[in-house]
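Right, one structure below, let's go through it.
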Amino acid sequence: MPLVYVDPAYTSQMCSQCRHIDKRNRVDQGLFICRGCGVVAHADRNASHNIAARGAAVWTAGRESRVPATP
């Protein structure tokens, strides 16, 4: 199983649908309500989607070639 580091900063405050970040999005321990788009979700599930998206981005960036294309 591959493992990549993901910065967890603001993943519990960011909407996994519209990416709006606001500390008030996290209503309480288990409830997330986005003040940007209105999505309602379980707070931990929303944060896990954000972490998964960041992990996929890091994984993809690591797989991209750093060698310039030859003409």
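In the structure tokens, the first chain shown is A, the next is B, and so on; residue numbers restart at 1 for each chain, and ligands run from 1 in the order shown.
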Strand (DSSP E or B) per DSSP on the backbone: members of chain A, as a list in words: Met14, Ile21, Arg26, Leu31, Phe32, Ile33, Val40, Ala41 and His42 of chain A
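Minimum atom-to-atom distances from A:Ala9, A:Cys37, A:Met14, A:Val4 to Val58 in chain A were compared using only C-alpha atoms, and the lowest value belongs to A:Val4.
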List every residue of chain A that DSSP, applied to the backbone of this structure, places in alpha helix (DSSP H), and write the result as a PDB file with all heavy atoms, in the first residue's frame.
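That gives us part.pdb:
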```pdb
ATOM      1  N   ALA A  43     -18.866  15.499  10.070  1.00  0.00           N
ATOM      2  CA  ALA A  43     -17.615  16.267  10.070  1.00  0.00           C
ATOM      3  C   ALA A  43     -16.395  15.412   9.742  1.00  0.00           C
ATOM      4  O   ALA A  43     -15.535  15.823   8.957  1.00  0.00           O
ATOM      5  CB  ALA A  43     -17.439  16.956  11.423  1.00  0.00           C
ATOM      6  N   ASP A  44     -16.301  14.223  10.320  1.00  0.00           N
ATOM      7  CA  ASP A  44     -15.136  13.368  10.069  1.00  0.00           C
ATOM      8  C   ASP A  44     -15.138  12.835   8.637  1.00  0.00           C
ATOM      9  O   ASP A  44     -14.085  12.704   8.016  1.00  0.00           O
ATOM     10  CB  ASP A  44     -15.097  12.205  11.053  1.00  0.00           C
ATOM     11  CG  ASP A  44     -14.798  12.657  12.481  1.00  0.00           C
ATOM     12  OD1 ASP A  44     -14.253  13.768  12.641  1.00  0.00           O
ATOM     13  OD2 ASP A  44     -15.124  11.914  13.415  1.00  0.00           O
ATOM     14  N   ARG A  45     -16.311  12.534   8.113  1.00  0.00           N
ATOM     15  CA  ARG A  45     -16.393  12.043   6.728  1.00  0.00           C
ATOM     16  C   ARG A  45     -15.966  13.146   5.754  1.00  0.00           C
ATOM     17  O   ARG A  45     -15.231  12.904   4.806  1.00  0.00           O
ATOM     18  CB  ARG A  45     -17.796  11.559   6.417  1.00  0.00           C
ATOM     19  CG  ARG A  45     -17.916  10.928   5.055  1.00  0.00           C
ATOM     20  CD  ARG A  45     -19.306  10.320   4.883  1.00  0.00           C
ATOM     21  NE  ARG A  45     -19.448   9.753   3.569  1.00  0.00           N
ATOM     22  CZ  ARG A  45     -19.162   8.506   3.264  1.00  0.00           C
ATOM     23  NH1 ARG A  45     -18.699   7.696   4.188  1.00  0.00           N
ATOM     24  NH2 ARG A  45     -19.340   8.063   2.038  1.00  0.00           N
ATOM     25  N   ASN A  46     -16.425  14.368   6.006  1.00  0.00           N
ATOM     26  CA  ASN A  46     -16.037  15.494   5.160  1.00  0.00           C
ATOM     27  C   ASN A  46     -14.519  15.679   5.182  1.00  0.00           C
ATOM     28  O   ASN A  46     -13.880  15.817   4.138  1.00  0.00           O
ATOM     29  CB  ASN A  46     -16.728  16.775   5.639  1.00  0.00           C
ATOM     30  CG  ASN A  46     -16.329  17.975   4.825  1.00  0.00           C
ATOM     31  OD1 ASN A  46     -16.703  18.120   3.675  1.00  0.00           O
ATOM     32  ND2 ASN A  46     -15.526  18.838   5.430  1.00  0.00           N
ATOM     33  N   ALA A  47     -13.926  15.655   6.384  1.00  0.00           N
ATOM     34  CA  ALA A  47     -12.471  15.827   6.522  1.00  0.00           C
ATOM     35  C   ALA A  47     -11.726  14.692   5.828  1.00  0.00           C
ATOM     36  O   ALA A  47     -10.691  14.918   5.192  1.00  0.00           O
ATOM     37  CB  ALA A  47     -12.083  15.903   7.990  1.00  0.00           C
ATOM     38  N   SER A  48     -12.250  13.475   5.908  1.00  0.00           N
ATOM     39  CA  SER A  48     -11.578  12.337   5.264  1.00  0.00           C
ATOM     40  C   SER A  48     -11.586  12.476   3.742  1.00  0.00           C
ATOM     41  O   SER A  48     -10.624  12.085   3.078  1.00  0.00           O
ATOM     42  CB  SER A  48     -12.210  11.011   5.689  1.00  0.00           C
ATOM     43  OG  SER A  48     -13.493  10.849   5.134  1.00  0.00           O
ATOM     44  N   HIS A  49     -12.644  13.053   3.191  1.00  0.00           N
ATOM     45  CA  HIS A  49     -12.670  13.307   1.742  1.00  0.00           C
ATOM     46  C   HIS A  49     -11.605  14.334   1.362  1.00  0.00           C
ATOM     47  O   HIS A  49     -10.957  14.209   0.315  1.00  0.00           O
ATOM     48  CB  HIS A  49     -14.053  13.792   1.298  1.00  0.00           C
ATOM     49  CG  HIS A  49     -15.075  12.716   1.229  1.00  0.00           C
ATOM     50  ND1 HIS A  49     -15.143  11.806   0.201  1.00  0.00           N
ATOM     51  CD2 HIS A  49     -16.071  12.390   2.079  1.00  0.00           C
ATOM     52  CE1 HIS A  49     -16.136  10.971   0.403  1.00  0.00           C
ATOM     53  NE2 HIS A  49     -16.724  11.301   1.550  1.00  0.00           N
ATOM     54  N   ASN A  50     -11.436  15.354   2.208  1.00  0.00           N
ATOM     55  CA  ASN A  50     -10.403  16.364   1.948  1.00  0.00           C
ATOM     56  C   ASN A  50      -9.009  15.767   2.008  1.00  0.00           C
ATOM     57  O   ASN A  50      -8.152  16.062   1.163  1.00  0.00           O
ATOM     58  CB  ASN A  50     -10.526  17.516   2.944  1.00  0.00           C
ATOM     59  CG  ASN A  50     -11.776  18.334   2.721  1.00  0.00           C
ATOM     60  OD1 ASN A  50     -12.268  18.439   1.603  1.00  0.00           O
ATOM     61  ND2 ASN A  50     -12.303  18.903   3.773  1.00  0.00           N
ATOM     62  N   ILE A  51      -8.764  14.911   2.989  1.00  0.00           N
ATOM     63  CA  ILE A  51      -7.456  14.268   3.120  1.00  0.00           C
ATOM     64  C   ILE A  51      -7.194  13.351   1.927  1.00  0.00           C
ATOM     65  O   ILE A  51      -6.093  13.331   1.375  1.00  0.00           O
ATOM     66  CB  ILE A  51      -7.355  13.515   4.456  1.00  0.00           C
ATOM     67  CG1 ILE A  51      -7.289  14.537   5.595  1.00  0.00           C
ATOM     68  CG2 ILE A  51      -6.154  12.586   4.482  1.00  0.00           C
ATOM     69  CD1 ILE A  51      -7.404  13.944   6.978  1.00  0.00           C
ATOM     70  N   ALA A  52      -8.226  12.609   1.502  1.00  0.00           N
ATOM     71  CA  ALA A  52      -8.075  11.722   0.338  1.00  0.00           C
ATOM     72  C   ALA A  52      -7.763  12.520  -0.922  1.00  0.00           C
ATOM     73  O   ALA A  52      -6.912  12.122  -1.727  1.00  0.00           O
ATOM     74  CB  ALA A  52      -9.344  10.896   0.144  1.00  0.00           C
ATOM     75  N   ALA A  53      -8.426  13.653  -1.103  1.00  0.00           N
ATOM     76  CA  ALA A  53      -8.181  14.494  -2.283  1.00  0.00           C
ATOM     77  C   ALA A  53      -6.749  15.045  -2.261  1.00  0.00           C
ATOM     78  O   ALA A  53      -6.072  15.068  -3.292  1.00  0.00           O
ATOM     79  CB  ALA A  53      -9.184  15.637  -2.348  1.00  0.00           C
ATOM     80  N   ARG A  54      -6.294  15.470  -1.097  1.00  0.00           N
ATOM     81  CA  ARG A  54      -4.920  15.970  -0.989  1.00  0.00           C
ATOM     82  C   ARG A  54      -3.918  14.851  -1.251  1.00  0.00           C
ATOM     83  O   ARG A  54      -2.893  15.056  -1.900  1.00  0.00           O
ATOM     84  CB  ARG A  54      -4.665  16.574   0.383  1.00  0.00           C
ATOM     85  CG  ARG A  54      -5.355  17.909   0.569  1.00  0.00           C
ATOM     86  CD  ARG A  54      -4.990  18.529   1.885  1.00  0.00           C
ATOM     87  NE  ARG A  54      -5.734  19.760   2.107  1.00  0.00           N
ATOM     88  CZ  ARG A  54      -5.579  20.546   3.158  1.00  0.00           C
ATOM     89  NH1 ARG A  54      -4.687  20.232   4.085  1.00  0.00           N
ATOM     90  NH2 ARG A  54      -6.291  21.638   3.284  1.00  0.00           N
ATOM     91  N   GLY A  55      -4.204  13.667  -0.741  1.00  0.00           N
ATOM     92  CA  GLY A  55      -3.329  12.525  -0.969  1.00  0.00           C
ATOM     93  C   GLY A  55      -3.228  12.176  -2.441  1.00  0.00           C
ATOM     94  O   GLY A  55      -2.143  11.898  -2.954  1.00  0.00           O
ATOM     95  N   ALA A  56      -4.361  12.208  -3.140  1.00  0.00           N
ATOM     96  CA  ALA A  56      -4.359  11.922  -4.573  1.00  0.00           C
ATOM     97  C   ALA A  56      -3.543  12.965  -5.331  1.00  0.00           C
ATOM     98  O   ALA A  56      -2.797  12.635  -6.257  1.00  0.00           O
ATOM     99  CB  ALA A  56      -5.794  11.883  -5.108  1.00  0.00           C
ATOM    100  N   ALA A  57      -3.662  14.234  -4.928  1.00  0.00           N
ATOM    101  CA  ALA A  57      -2.901  15.296  -5.580  1.00  0.00           C
ATOM    102  C   ALA A  57      -1.396  15.115  -5.360  1.00  0.00           C
ATOM    103  O   ALA A  57      -0.600  15.283  -6.291  1.00  0.00           O
ATOM    104  CB  ALA A  57      -3.347  16.662  -5.067  1.00  0.00           C
ATOM    105  N   VAL A  58      -1.002  14.758  -4.135  1.00  0.00           N
ATOM    106  CA  VAL A  58       0.414  14.536  -3.831  1.00  0.00           C
ATOM    107  C   VAL A  58       0.932  13.334  -4.612  1.00  0.00           C
ATOM    108  O   VAL A  58       2.028  13.361  -5.178  1.00  0.00           O
ATOM    109  CB  VAL A  58       0.626  14.337  -2.308  1.00  0.00           C
ATOM    110  CG1 VAL A  58       2.014  13.832  -2.001  1.00  0.00           C
ATOM    111  CG2 VAL A  58       0.345  15.626  -1.566  1.00  0.00           C
ATOM    112  N   TRP A  59       0.148  12.266  -4.656  1.00  0.00           N
ATOM    113  CA  TRP A  59       0.544  11.055  -5.369  1.00  0.00           C
ATOM    114  C   TRP A  59       0.733  11.350  -6.857  1.00  0.00           C
ATOM    115  O   TRP A  59       1.726  10.962  -7.457  1.00  0.00           O
ATOM    116  CB  TRP A  59      -0.502   9.969  -5.165  1.00  0.00           C
ATOM    117  CG  TRP A  59      -0.198   8.706  -5.887  1.00  0.00           C
ATOM    118  CD1 TRP A  59      -0.765   8.272  -7.041  1.00  0.00           C
ATOM    119  CD2 TRP A  59       0.776   7.725  -5.528  1.00  0.00           C
ATOM    120  NE1 TRP A  59      -0.222   7.073  -7.409  1.00  0.00           N
ATOM    121  CE2 TRP A  59       0.726   6.712  -6.500  1.00  0.00           C
ATOM    122  CE3 TRP A  59       1.669   7.606  -4.470  1.00  0.00           C
ATOM    123  CZ2 TRP A  59       1.540   5.593  -6.450  1.00  0.00           C
ATOM    124  CZ3 TRP A  59       2.480   6.488  -4.422  1.00  0.00           C
ATOM    125  CH2 TRP A  59       2.410   5.504  -5.397  1.00  0.00           C
ATOM    126  N   THR A  60      -0.213  12.069  -7.454  1.00  0.00           N
ATOM    127  CA  THR A  60      -0.128  12.408  -8.873  1.00  0.00           C
ATOM    128  C   THR A  60       1.068  13.308  -9.154  1.00  0.00           C
ATOM    129  O   THR A  60       1.788  13.103 -10.126  1.00  0.00           O
ATOM    130  CB  THR A  60      -1.422  13.104  -9.333  1.00  0.00           C
ATOM    131  OG1 THR A  60      -2.520  12.216  -9.097  1.00  0.00           O
ATOM    132  CG2 THR A  60      -1.371  13.459 -10.805  1.00  0.00           C
ATOM    133  N   ALA A  61       1.296  14.287  -8.303  1.00  0.00           N
ATOM    134  CA  ALA A  61       2.434  15.192  -8.483  1.00  0.00           C
ATOM    135  C   ALA A  61       3.752  14.430  -8.405  1.00  0.00           C
ATOM    136  O   ALA A  61       4.697  14.730  -9.140  1.00  0.00           O
ATOM    137  CB  ALA A  61       2.406  16.307  -7.442  1.00  0.00           C
ATOM    138  N   GLY A  62       3.830  13.444  -7.535  1.00  0.00           N
ATOM    139  CA  GLY A  62       5.040  12.655  -7.397  1.00  0.00           C
ATOM    140  C   GLY A  62       5.298  11.746  -8.582  1.00  0.00           C
ATOM    141  O   GLY A  62       6.426  11.356  -8.855  1.00  0.00           O
ATOM    142  N   ARG A  63       4.255  11.390  -9.312  1.00  0.00           N
ATOM    143  CA  ARG A  63       4.391  10.500 -10.459  1.00  0.00           C
ATOM    144  C   ARG A  63       4.683  11.263 -11.754  1.00  0.00           C
ATOM    145  O   ARG A  63       5.066  10.663 -12.739  1.00  0.00           O
ATOM    146  CB  ARG A  63       3.121   9.685 -10.635  1.00  0.00           C
ATOM    147  CG  ARG A  63       2.908   8.733  -9.467  1.00  0.00           C
ATOM    148  CD  ARG A  63       1.786   7.827  -9.724  1.00  0.00           C
ATOM    149  NE  ARG A  63       2.096   7.072 -10.934  1.00  0.00           N
ATOM    150  CZ  ARG A  63       1.388   6.049 -11.372  1.00  0.00           C
ATOM    151  NH1 ARG A  63       0.349   5.665 -10.720  1.00  0.00           N
ATOM    152  NH2 ARG A  63       1.724   5.421 -12.467  1.00  0.00           N
TER     153      ARG A  63
END
```
Env of range 25-27 of chain A: 8 Å cut, atoms = only C-alpha atoms, seq-sep filter 4 positions within chain, self excluded. Answer as a PyMOL selection string. chain A and resi 12-15+21+31-35+43
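A straight line drawn from CA of Asp28 in chain A to CA of Val6 in chain A is 23.7 Å long.
Atom pair CA of Asp7 in chain A / CA of Gln29 in chain A: separated by 20.5 Å.
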